[in-house]
Each structure stands twice: as structure tokens, then as C-alpha cells.
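Structure data (mmCIF, C-alpha atoms) from input_33.cif:
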```
data_final
loop_
_atom_site.group_PDB
_atom_site.id
_atom_site.type_symbol
_atom_site.label_atom_id
_atom_site.label_comp_id
_atom_site.auth_asym_id
_atom_site.auth_seq_id
_atom_site.Cartn_x
_atom_site.Cartn_y
_atom_site.Cartn_z
ATOM 1 C CA MET A 112 325.894 438.738 36.085
ATOM 2 C CA LYS A 113 323.786 436.774 38.565
ATOM 3 C CA THR A 114 320.144 437.735 38.869
ATOM 4 C CA THR A 115 317.573 436.720 41.371
ATOM 5 C CA GLY A 116 314.094 435.731 40.390
ATOM 6 C CA ILE A 117 312.761 433.255 37.911
ATOM 7 C CA ASN A 118 314.595 432.471 34.716
ATOM 8 C CA ARG A 119 313.763 430.223 31.831
ATOM 9 C CA ARG A 120 315.730 427.241 33.185
ATOM 10 C CA ASN A 121 314.065 427.403 36.630
ATOM 11 C CA PHE A 122 310.652 427.842 35.046
ATOM 12 C CA LEU A 123 311.096 424.815 32.772
ATOM 13 C CA PHE A 124 312.499 422.699 35.608
ATOM 14 C CA GLY A 125 309.505 423.568 37.815
ATOM 15 C CA ALA A 126 306.989 422.899 35.050
ATOM 16 C CA VAL A 127 308.529 419.521 34.217
ATOM 17 C CA SER A 128 308.646 418.582 37.914
ATOM 18 C CA LEU A 129 304.980 419.455 38.428
ATOM 19 C CA GLY A 130 303.984 417.642 35.259
ATOM 20 C CA THR A 131 305.865 414.530 36.339
ATOM 21 C CA LEU A 132 304.243 414.607 39.771
ATOM 22 C CA ALA A 133 300.773 415.059 38.282
ATOM 23 C CA ALA A 134 301.328 412.222 35.794
ATOM 24 C CA ALA A 135 302.570 409.908 38.532
ATOM 25 C CA THR A 136 299.537 410.360 40.799
ATOM 26 C CA PRO A 137 296.597 411.731 38.792
ATOM 27 C CA VAL A 138 293.921 409.533 40.351
ATOM 28 C CA ARG A 139 294.924 410.387 43.930
ATOM 29 C CA ALA A 140 295.147 414.108 43.118
ATOM 30 C CA PHE A 141 291.658 414.081 41.601
ATOM 31 C CA GLU A 142 290.233 412.152 44.559
ATOM 32 C CA MET A 143 291.891 414.496 47.042
ATOM 33 C CA PHE A 144 290.050 417.447 45.542
ATOM 34 C CA GLY A 145 286.714 415.619 45.348
ATOM 35 C CA PHE A 146 286.757 414.594 41.683
ATOM 36 C CA SER A 147 286.172 410.977 40.795
ATOM 37 C CA GLY A 148 285.245 411.284 37.130
ATOM 38 C CA ASN A 149 281.915 409.701 38.044
ATOM 39 C CA LYS A 150 278.772 411.793 38.435
ATOM 40 C CA GLU A 151 277.091 409.133 40.578
ATOM 41 C CA PRO A 152 277.937 408.855 44.277
ATOM 42 C CA LYS A 153 280.506 406.318 45.357
ATOM 43 C CA ALA A 154 278.841 403.068 46.359
ATOM 44 C CA SER A 155 280.029 403.232 49.953
ATOM 45 C CA HIS A 156 280.680 406.987 50.104
ATOM 46 C CA GLY A 157 284.440 406.488 50.121
ATOM 47 C CA LYS A 158 284.199 404.136 53.086
ATOM 48 C CA ALA A 159 285.343 400.569 52.550
ATOM 49 C CA GLU A 160 282.571 399.104 54.667
ATOM 50 C CA SER A 161 279.009 397.947 54.312
ATOM 51 C CA PHE A 162 276.149 399.103 56.496
ATOM 52 C CA PRO A 163 273.193 397.291 58.077
ATOM 53 C CA PHE A 164 270.666 399.378 56.104
ATOM 54 C CA GLU A 165 271.323 399.424 52.353
ATOM 55 C CA LEU A 166 269.241 400.472 49.360
ATOM 56 C CA THR A 167 269.921 400.718 45.645
ATOM 57 C CA ASP A 168 270.638 404.153 44.217
ATOM 58 C CA GLU A 169 267.159 404.154 42.654
ATOM 59 C CA GLU A 170 265.549 403.342 46.010
ATOM 60 C CA TRP A 171 267.497 406.181 47.704
ATOM 61 C CA ARG A 172 266.338 408.623 45.029
ATOM 62 C CA GLU A 173 262.716 407.594 45.605
ATOM 63 C CA ARG A 174 263.040 407.803 49.392
ATOM 64 C CA LEU A 175 264.821 411.181 49.680
ATOM 65 C CA THR A 176 264.202 414.693 48.401
ATOM 66 C CA PRO A 177 266.803 415.948 45.896
ATOM 67 C CA GLU A 178 268.508 418.033 48.624
ATOM 68 C CA GLN A 179 268.543 415.122 51.086
ATOM 69 C CA TYR A 180 269.980 412.864 48.382
ATOM 70 C CA LYS A 181 272.697 415.424 47.569
ATOM 71 C CA VAL A 182 273.804 415.548 51.200
ATOM 72 C CA LEU A 183 273.324 411.953 52.372
ATOM 73 C CA ARG A 184 274.320 410.034 49.245
ATOM 74 C CA SER A 185 276.612 412.466 47.358
ATOM 75 C CA GLU A 186 278.329 414.012 50.412
ATOM 76 C CA GLY A 187 277.020 417.491 49.677
ATOM 77 C CA THR A 188 276.502 420.401 52.068
ATOM 78 C CA GLU A 189 273.305 422.339 52.590
ATOM 79 C CA ARG A 190 273.379 426.138 52.434
ATOM 80 C CA SER A 191 274.597 427.733 55.669
ATOM 81 C CA CYS A 192 271.856 428.984 58.038
ATOM 82 C CA SER A 193 269.119 427.272 55.978
ATOM 83 C CA SER A 194 268.104 424.640 58.527
ATOM 84 C CA PRO A 195 265.279 425.297 60.986
ATOM 85 C CA LEU A 196 266.955 422.725 63.265
ATOM 86 C CA ILE A 197 269.668 425.226 64.240
ATOM 87 C CA ASP A 198 267.319 426.818 66.785
ATOM 88 C CA VAL A 199 265.625 423.648 68.092
ATOM 89 C CA GLU A 200 265.539 423.467 71.883
ATOM 90 C CA GLY A 201 263.790 421.281 74.426
ATOM 91 C CA PRO A 202 263.900 417.522 74.943
ATOM 92 C CA GLY A 203 264.076 415.592 71.706
ATOM 93 C CA LYS A 204 266.061 413.299 69.470
ATOM 94 C CA PHE A 205 267.535 413.610 65.976
ATOM 95 C CA TYR A 206 267.259 410.652 63.615
ATOM 96 C CA CYS A 207 268.811 409.951 60.209
ATOM 97 C CA VAL A 208 266.280 411.092 57.613
ATOM 98 C CA GLY A 209 267.461 408.277 55.345
ATOM 99 C CA CYS A 210 267.001 405.275 57.611
ATOM 100 C CA GLY A 211 265.537 406.440 60.946
ATOM 101 C CA HIS A 212 268.633 405.590 63.013
ATOM 102 C CA LEU A 213 269.019 407.551 66.285
ATOM 103 C CA LEU A 214 271.957 409.973 65.942
ATOM 104 C CA PHE A 215 271.834 412.872 68.435
ATOM 105 C CA ALA A 216 269.857 414.280 71.383
ATOM 106 C CA THR A 217 269.044 417.913 72.148
ATOM 107 C CA GLU A 218 270.843 417.572 75.484
ATOM 108 C CA ASN A 219 274.113 417.359 73.491
ATOM 109 C CA LYS A 220 273.220 420.214 71.121
ATOM 110 C CA PHE A 221 274.661 423.713 71.347
ATOM 111 C CA TYR A 222 274.520 426.919 69.351
ATOM 112 C CA SER A 223 277.852 427.259 67.526
ATOM 113 C CA ASP A 224 277.086 430.242 65.270
ATOM 114 C CA SER A 225 278.435 428.107 62.393
ATOM 115 C CA GLY A 226 275.243 428.036 60.336
ATOM 116 C CA TRP A 227 274.526 424.331 60.931
ATOM 117 C CA PRO A 228 273.077 422.319 63.827
ATOM 118 C CA SER A 229 275.938 421.433 66.175
ATOM 119 C CA PHE A 230 276.398 418.778 68.833
ATOM 120 C CA TYR A 231 279.318 418.010 71.154
ATOM 121 C CA GLN A 232 278.735 414.246 70.978
ATOM 122 C CA PRO A 233 276.450 411.700 69.264
ATOM 123 C CA TYR A 234 273.622 409.936 71.092
ATOM 124 C CA ASP A 235 275.831 406.899 71.800
ATOM 125 C CA GLU A 236 278.870 405.045 70.469
ATOM 126 C CA HIS A 237 276.724 403.197 67.890
ATOM 127 C CA SER A 238 275.072 406.268 66.378
ATOM 128 C CA VAL A 239 277.674 407.562 63.926
ATOM 129 C CA GLY A 240 280.858 406.525 62.179
ATOM 130 C CA THR A 241 283.733 408.601 60.824
ATOM 131 C CA SER A 242 286.134 408.607 57.905
ATOM 132 C CA THR A 243 288.764 410.947 56.506
ATOM 133 C CA ASP A 244 287.629 413.400 53.814
ATOM 134 C CA TYR A 245 290.072 415.259 51.492
ATOM 135 C CA LYS A 246 287.475 417.051 49.344
ATOM 136 C CA ILE A 247 288.772 420.559 50.018
ATOM 137 C CA GLY A 248 292.458 419.720 49.799
ATOM 138 C CA TYR A 249 293.224 418.774 53.395
ATOM 139 C CA ALA A 250 292.117 416.081 55.807
ATOM 140 C CA ARG A 251 288.847 416.525 57.703
ATOM 141 C CA THR A 252 286.870 414.053 59.795
ATOM 142 C CA GLU A 253 283.628 413.229 58.010
ATOM 143 C CA VAL A 254 280.635 411.953 60.033
ATOM 144 C CA HIS A 255 278.197 409.408 58.628
ATOM 145 C CA CYS A 256 275.203 407.446 59.909
ATOM 146 C CA ALA A 257 276.427 404.156 61.371
ATOM 147 C CA ASN A 258 273.315 402.377 60.060
ATOM 148 C CA CYS A 259 273.122 403.475 56.384
ATOM 149 C CA GLY A 260 276.423 405.293 55.762
ATOM 150 C CA GLY A 261 274.657 408.539 54.848
ATOM 151 C CA HIS A 262 276.881 411.626 55.008
ATOM 152 C CA LEU A 263 275.932 413.904 57.906
ATOM 153 C CA GLY A 264 278.697 416.509 58.167
ATOM 154 C CA HIS A 265 282.112 416.937 59.803
ATOM 155 C CA ILE A 266 283.756 417.030 63.232
ATOM 156 C CA PHE A 267 285.834 420.016 64.331
ATOM 157 C CA GLU A 268 287.913 420.469 67.491
ATOM 158 C CA ASP A 269 286.361 423.781 68.544
ATOM 159 C CA GLY A 270 283.379 422.547 70.561
ATOM 160 C CA PRO A 271 282.451 423.036 74.207
ATOM 161 C CA PRO A 272 283.318 420.799 77.176
ATOM 162 C CA PRO A 273 283.154 417.981 77.959
ATOM 163 C CA THR A 274 284.424 416.733 74.556
ATOM 164 C CA GLY A 275 285.807 419.880 72.913
ATOM 165 C CA LEU A 276 284.279 418.616 69.664
ATOM 166 C CA ARG A 277 281.732 420.163 67.315
ATOM 167 C CA TYR A 278 279.728 417.745 65.206
ATOM 168 C CA CYS A 279 278.683 420.161 62.463
ATOM 169 C CA ILE A 280 275.682 418.417 60.886
ATOM 170 C CA ASN A 281 273.582 419.170 57.817
ATOM 171 C CA GLY A 282 270.042 419.743 59.107
ATOM 172 C CA VAL A 283 268.547 418.267 55.931
ATOM 173 C CA ALA A 284 270.078 414.907 56.964
ATOM 174 C CA LEU A 285 268.183 414.922 60.270
ATOM 175 C CA GLU A 286 264.631 414.273 61.408
ATOM 176 C CA TYR A 287 263.833 415.930 64.748
ATOM 177 C CA VAL A 288 261.287 414.319 67.060
ATOM 178 C CA LYS A 289 260.265 415.897 70.389
ATOM 179 C CA ASP A 290 260.502 413.418 73.249
ATOM 180 C CA GLU A 291 256.761 413.563 73.970
ATOM 181 C CA GLU A 292 256.045 412.812 70.278
ATOM 182 C CA ALA A 293 258.545 409.973 69.968
ATOM 183 C CA GLY A 294 256.070 407.209 70.853
ATOM 184 C CA GLU A 295 257.100 404.136 68.898
ATOM 185 C CA LYS A 296 260.190 405.682 67.288
ATOM 186 C CA THR A 297 263.155 403.392 67.978
ATOM 187 C CA LYS A 298 266.806 403.209 67.077
#
```

If you convert what's in this file into C-alpha cells, what do you get?
Amino acid sequence: MKTTGINRRNFLFGAVSLGTLAAATPVRAFEMFGFSGNKEPKASHGKAESFPFELTDEEWRERLTPEQYKVLRSEGTERSCSSPLIDVEGPGKFYCVGCGHLLFATENKFYSDSGWPSFYQPYDEHSVGTSTDYKIGYARTEVHCANCGGHLGHIFEDGPPPTGLRYCINGVALEYVKDEEAGEKTK
């Protein structure tokens, strides 16, 4: 009599297959889900590049608040709707809180109802860099400061014209300066 459904042979075959797959690629599987076995942040945040502005881990910890460090250096995410920068309007610029690099302008900002400050493009082509992030099990485009490599957020393809992109950025990673207050602030 033939039955449908799972039987002992199929169960054992599946378990052995999964076990073999896991044993063959454990490091990649752990990395894909955001586990590295190391509590400290990766030296280059998963990016195989160096950046013009670099500090030691100790110097970053002294320079940043614990929440800023979690986001910028450990690729964390601030709590949704917690940033006062979501509602910022008027002429101004957004700088990396870690190194002071110019990242975004209010003229490229829009309200996305996502819970984080959103922009449809960076200030210029030298403001940010990108890499691929697999932390939640699938590929996303991560955005980082082009000057220090600090994690800023992610890019999604649901933004307004002209780019159709949404740079979803952690507000804690940004310093906002009104244009009339900018004075000596430079890139």
C-alpha cells in the first residue's frame, strides 16, 4: 500500500541532506544570517576596502555614543520612529556623525512613512558607498559613509522620482546642520 506524506526513509534522507549541506558551508551560513562568532564589529564592516578616515575601535567608542557606535560600527538599526530627523524640513545638510563627511541634503529628503529619515539620492557621487548585506537571510544594498565606512542604512527601490530609490538612513548616524548655521562646516 502506497501512502503519501512523510515516512521514516524520507525523513532520514532529508535530515542527512540538510546536515551535509550545513557541514559543508557552516561559515557562509552563519555569515548570511549575521553571525560571525565575534562580538566585536568586523574591521571593515564586511567591506574589503579601507577608508580615508580611520580610527581604532577604542577611539570610535570614545567618539560615539553607545547607540551611534551600535549603528555606525556594528551595523545596527535604531528603533523605528525614534529619530527627530524624520520631520526635518528647510535648507540644510546631513553629515556623518562619526567623521563629519557630507552625506545628504534636505532638498533630496522625503517623508516615506518608514520610520527613518529617507532620501532619494545622496549629496553627490562621493558621499556614500554601498555593499551587499545578507543579515536577514536575503540580499539587501547596505549604505555606508564613503569617508569612514560607517553603516548608515539600506537602499530600497520604492522611492520617488527621479531615482525611484529610498535611502533609508538611521537618524542616529547623521548630524543635521541648517544651511544658515553651516558656516565653516565642510565635506

Could you tell me which of A:Gly203, A:Gly260, A:Gly275, A:Pro177 comes closest to Asp290 of chain A if we count only C-alpha atoms?
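Result for the nearest residue to Asp290 of chain A: A:Gly203.
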
Run the PyMOL selection byres ((chain A and resi 239-241) around 8) mentally over the shown coordinates, then write out the matched residues as a VMD selection string, using the chain letters and numbers from the document.
chain A and resid 214 233 236 to 238 242 to 243 252 to 258 260

Write out, as a PDB file, in the frame of the given file, the residues just selected, with C-alpha atoms.
```pdb
ATOM      1  CA  LEU A 214     271.957 409.973  65.942  1.00  0.00           C
ATOM      2  CA  PRO A 233     276.450 411.700  69.264  1.00  0.00           C
ATOM      3  CA  GLU A 236     278.870 405.045  70.469  1.00  0.00           C
ATOM      4  CA  HIS A 237     276.724 403.197  67.890  1.00  0.00           C
ATOM      5  CA  SER A 238     275.072 406.268  66.378  1.00  0.00           C
ATOM      6  CA  SER A 242     286.134 408.607  57.905  1.00  0.00           C
ATOM      7  CA  THR A 243     288.764 410.947  56.506  1.00  0.00           C
ATOM      8  CA  THR A 252     286.870 414.053  59.795  1.00  0.00           C
ATOM      9  CA  GLU A 253     283.628 413.229  58.010  1.00  0.00           C
ATOM     10  CA  VAL A 254     280.635 411.953  60.033  1.00  0.00           C
ATOM     11  CA  HIS A 255     278.197 409.408  58.628  1.00  0.00           C
ATOM     12  CA  CYS A 256     275.203 407.446  59.909  1.00  0.00           C
ATOM     13  CA  ALA A 257     276.427 404.156  61.371  1.00  0.00           C
ATOM     14  CA  ASN A 258     273.315 402.377  60.060  1.00  0.00           C
ATOM     15  CA  GLY A 260     276.423 405.293  55.762  1.00  0.00           C
TER      16      GLY A 260
END
```

Please measure the separation of atom CA of Thr274 of chain A and atom CA of Phe215 of chain A, giving the value in Å to one decimal.
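Taking atom CA of Thr274 of chain A and atom CA of Phe215 of chain A, their separation equals 14.5 Å.
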
Of A:Glu200, A:Glu268, A:Asp224, A:Glu165, the one sitting nearest Val288 of chain A when using only C-alpha atoms is A:Glu200

Expansion of the PyMOL selection byres ((chain A and resi 162) around 6) into residues, as a PDB file with C-alpha atoms, in the frame of the given file:
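Contents of the output file part32.pdb:
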```
ATOM      1  CA  SER A 161     279.009 397.947  54.312  1.00  0.00           C
ATOM      2  CA  PRO A 163     273.193 397.291  58.077  1.00  0.00           C
ATOM      3  CA  PHE A 164     270.666 399.378  56.104  1.00  0.00           C
ATOM      4  CA  ASN A 258     273.315 402.377  60.060  1.00  0.00           C
ATOM      5  CA  CYS A 259     273.122 403.475  56.384  1.00  0.00           C
TER       6      CYS A 259
END
```

In Å, how far is it from atom CA of Glu169 of chain A to atom CA of Ser193 of chain A?
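Interatomic distance here is 26.8 Å.
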
For Arg190 of chain A, work out the shell of residues within 9 Å, counting all atoms listed in the file and skipping chain neighbours fewer than 4 positions away, then give it as a PyMOL selection string.
chain A and resi 194+226-227+281

Pull C-alpha atoms from the residues just selected and write them as a short mmCIF file (atom, residue, chain, number, x, y, z; two decimals), in the frame of the given file.
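The resulting result-v2.cif:
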```
data_model
loop_
_atom_site.label_atom_id
_atom_site.label_comp_id
_atom_site.auth_asym_id
_atom_site.auth_seq_id
_atom_site.Cartn_x
_atom_site.Cartn_y
_atom_site.Cartn_z
CA SER A 194 268.10 424.64 58.53
CA GLY A 226 275.24 428.04 60.34
CA TRP A 227 274.53 424.33 60.93
CA ASN A 281 273.58 419.17 57.82
#
```

Out of A:Lys204, A:Leu263, A:Tyr249, A:Pro273, which residue has the shortest atom-to-atom distance to Glu292 of chain A when counting all atoms listed in the file?
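Using all atoms listed in the file, Glu292 of chain A sits closest to A:Lys204.
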
Restricting the calculation to all atoms listed in the file: of A:Ala284, A:Pro271, A:Gln232, A:Tyr206, which residue gets closest to Glu178 of chain A?
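The closest residue to Glu178 of chain A is A:Ala284.
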
Let me make sure I understand: among A:Ile247, A:Cys210, A:Ile197, A:Ala216, which one has the smallest atom-to-atom distance to Tyr231 of chain A if we use all atoms listed in the file?
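Smallest distance to Tyr231 of chain A is found for A:Ala216.
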
I'd like the neighbourhood of Gly261 of chain A as a ChimeraX atom specification, where a residue qualifies if any of its atoms comes within 8 Å (using all atoms listed in the file), though same-chain residues fewer than 5 positions away should be ignored.
/A:156,182-184,186,209,255-256

Put those residues in a file: C-alpha atoms, as a CSV table (one decimal), keeping the file's coordinate frame.
```
chain,number,residue,atom,x,y,z
A,156,HIS,CA,280.7,407.0,50.1
A,182,VAL,CA,273.8,415.5,51.2
A,183,LEU,CA,273.3,412.0,52.4
A,184,ARG,CA,274.3,410.0,49.2
A,186,GLU,CA,278.3,414.0,50.4
A,209,GLY,CA,267.5,408.3,55.3
A,255,HIS,CA,278.2,409.4,58.6
A,256,CYS,CA,275.2,407.4,59.9
```

Point-to-point distance in Å for atom CA of Cys279 of chain A and atom CA of Ile266 of chain A:
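Atom-to-atom, atom CA of Ile266 of chain A and atom CA of Cys279 of chain A are spaced 6.0 Å apart.
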
Point out the residue among A:Tyr287, A:Asp244, A:Ser229, A:Asp198 with the least atom-to-atom distance to Gly270 of chain A, counting only C-alpha atoms.
A:Ser229

Reference answer for the PyMOL selection byres ((chain A and resi 220) around 6), as a list in words
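Applying the PyMOL selection byres ((chain A and resi 220) around 6) to the structure shown produces Thr217, Glu218, Asn219, Phe221, Ser229 and Phe230 of chain A.
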
Write out as an mmCIF file with C-alpha atoms, in the frame of the given file the residues lying within 7 Å of Phe267 of chain A, counting all atoms listed in the file and excluding same-chain residues fewer than 5 positions away.
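The result, written out as selection-v6.cif:
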```
data_model
loop_
_atom_site.group_PDB
_atom_site.id
_atom_site.type_symbol
_atom_site.label_atom_id
_atom_site.label_comp_id
_atom_site.auth_asym_id
_atom_site.auth_seq_id
_atom_site.Cartn_x
_atom_site.Cartn_y
_atom_site.Cartn_z
ATOM 1 C CA LEU A 276 284.279 418.616 69.664
ATOM 2 C CA ARG A 277 281.732 420.163 67.315
ATOM 3 C CA TYR A 278 279.728 417.745 65.206
#
```

Completion step: segment 221-237 of chain A with N, CA and C atoms as a PDB file, in the coordinates of the input:
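Written file, part-v1.pdb:
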```pdb
ATOM      1  N   PHE A 221     274.310 422.362  70.912  1.00  0.00           N
ATOM      2  CA  PHE A 221     274.661 423.713  71.347  1.00  0.00           C
ATOM      3  C   PHE A 221     274.628 424.650  70.153  1.00  0.00           C
ATOM      4  N   TYR A 222     274.526 425.929  70.415  1.00  0.00           N
ATOM      5  CA  TYR A 222     274.520 426.919  69.351  1.00  0.00           C
ATOM      6  C   TYR A 222     275.963 427.321  69.075  1.00  0.00           C
ATOM      7  N   SER A 223     276.446 427.029  67.866  1.00  0.00           N
ATOM      8  CA  SER A 223     277.852 427.259  67.526  1.00  0.00           C
ATOM      9  C   SER A 223     278.065 428.497  66.667  1.00  0.00           C
ATOM     10  N   ASP A 224     276.987 429.099  66.179  1.00  0.00           N
ATOM     11  CA  ASP A 224     277.086 430.242  65.270  1.00  0.00           C
ATOM     12  C   ASP A 224     277.828 429.872  63.982  1.00  0.00           C
ATOM     13  N   SER A 225     277.760 428.583  63.608  1.00  0.00           N
ATOM     14  CA  SER A 225     278.435 428.107  62.393  1.00  0.00           C
ATOM     15  C   SER A 225     277.508 428.088  61.186  1.00  0.00           C
ATOM     16  N   GLY A 226     276.203 428.115  61.429  1.00  0.00           N
ATOM     17  CA  GLY A 226     275.243 428.036  60.336  1.00  0.00           C
ATOM     18  C   GLY A 226     274.643 426.657  60.158  1.00  0.00           C
ATOM     19  N   TRP A 227     275.051 425.687  60.986  1.00  0.00           N
ATOM     20  CA  TRP A 227     274.526 424.331  60.931  1.00  0.00           C
ATOM     21  C   TRP A 227     274.242 423.843  62.349  1.00  0.00           C
ATOM     22  N   PRO A 228     273.297 422.908  62.506  1.00  0.00           N
ATOM     23  CA  PRO A 228     273.077 422.319  63.827  1.00  0.00           C
ATOM     24  C   PRO A 228     274.375 421.684  64.331  1.00  0.00           C
ATOM     25  N   SER A 229     274.681 421.919  65.611  1.00  0.00           N
ATOM     26  CA  SER A 229     275.938 421.433  66.175  1.00  0.00           C
ATOM     27  C   SER A 229     275.706 420.679  67.480  1.00  0.00           C
ATOM     28  N   PHE A 230     276.482 419.637  67.661  1.00  0.00           N
ATOM     29  CA  PHE A 230     276.398 418.778  68.833  1.00  0.00           C
ATOM     30  C   PHE A 230     277.811 418.517  69.334  1.00  0.00           C
ATOM     31  N   TYR A 231     277.978 418.305  70.649  1.00  0.00           N
ATOM     32  CA  TYR A 231     279.318 418.010  71.154  1.00  0.00           C
ATOM     33  C   TYR A 231     279.586 416.513  71.250  1.00  0.00           C
ATOM     34  N   GLN A 232     278.546 415.691  71.054  1.00  0.00           N
ATOM     35  CA  GLN A 232     278.735 414.246  70.978  1.00  0.00           C
ATOM     36  C   GLN A 232     277.485 413.611  70.375  1.00  0.00           C
ATOM     37  N   PRO A 233     277.623 412.410  69.786  1.00  0.00           N
ATOM     38  CA  PRO A 233     276.450 411.700  69.264  1.00  0.00           C
ATOM     39  C   PRO A 233     275.640 411.099  70.410  1.00  0.00           C
ATOM     40  N   TYR A 234     274.491 410.534  70.073  1.00  0.00           N
ATOM     41  CA  TYR A 234     273.622 409.936  71.092  1.00  0.00           C
ATOM     42  C   TYR A 234     274.362 408.851  71.875  1.00  0.00           C
ATOM     43  N   ASP A 235     275.004 407.921  71.148  1.00  0.00           N
ATOM     44  CA  ASP A 235     275.831 406.899  71.800  1.00  0.00           C
ATOM     45  C   ASP A 235     276.918 406.446  70.834  1.00  0.00           C
ATOM     46  N   GLU A 236     277.720 405.478  71.279  1.00  0.00           N
ATOM     47  CA  GLU A 236     278.870 405.045  70.469  1.00  0.00           C
ATOM     48  C   GLU A 236     278.476 404.281  69.216  1.00  0.00           C
ATOM     49  N   HIS A 237     277.198 403.924  69.073  1.00  0.00           N
ATOM     50  CA  HIS A 237     276.724 403.197  67.890  1.00  0.00           C
ATOM     51  C   HIS A 237     275.961 404.084  66.913  1.00  0.00           C
TER      52      HIS A 237
END
```
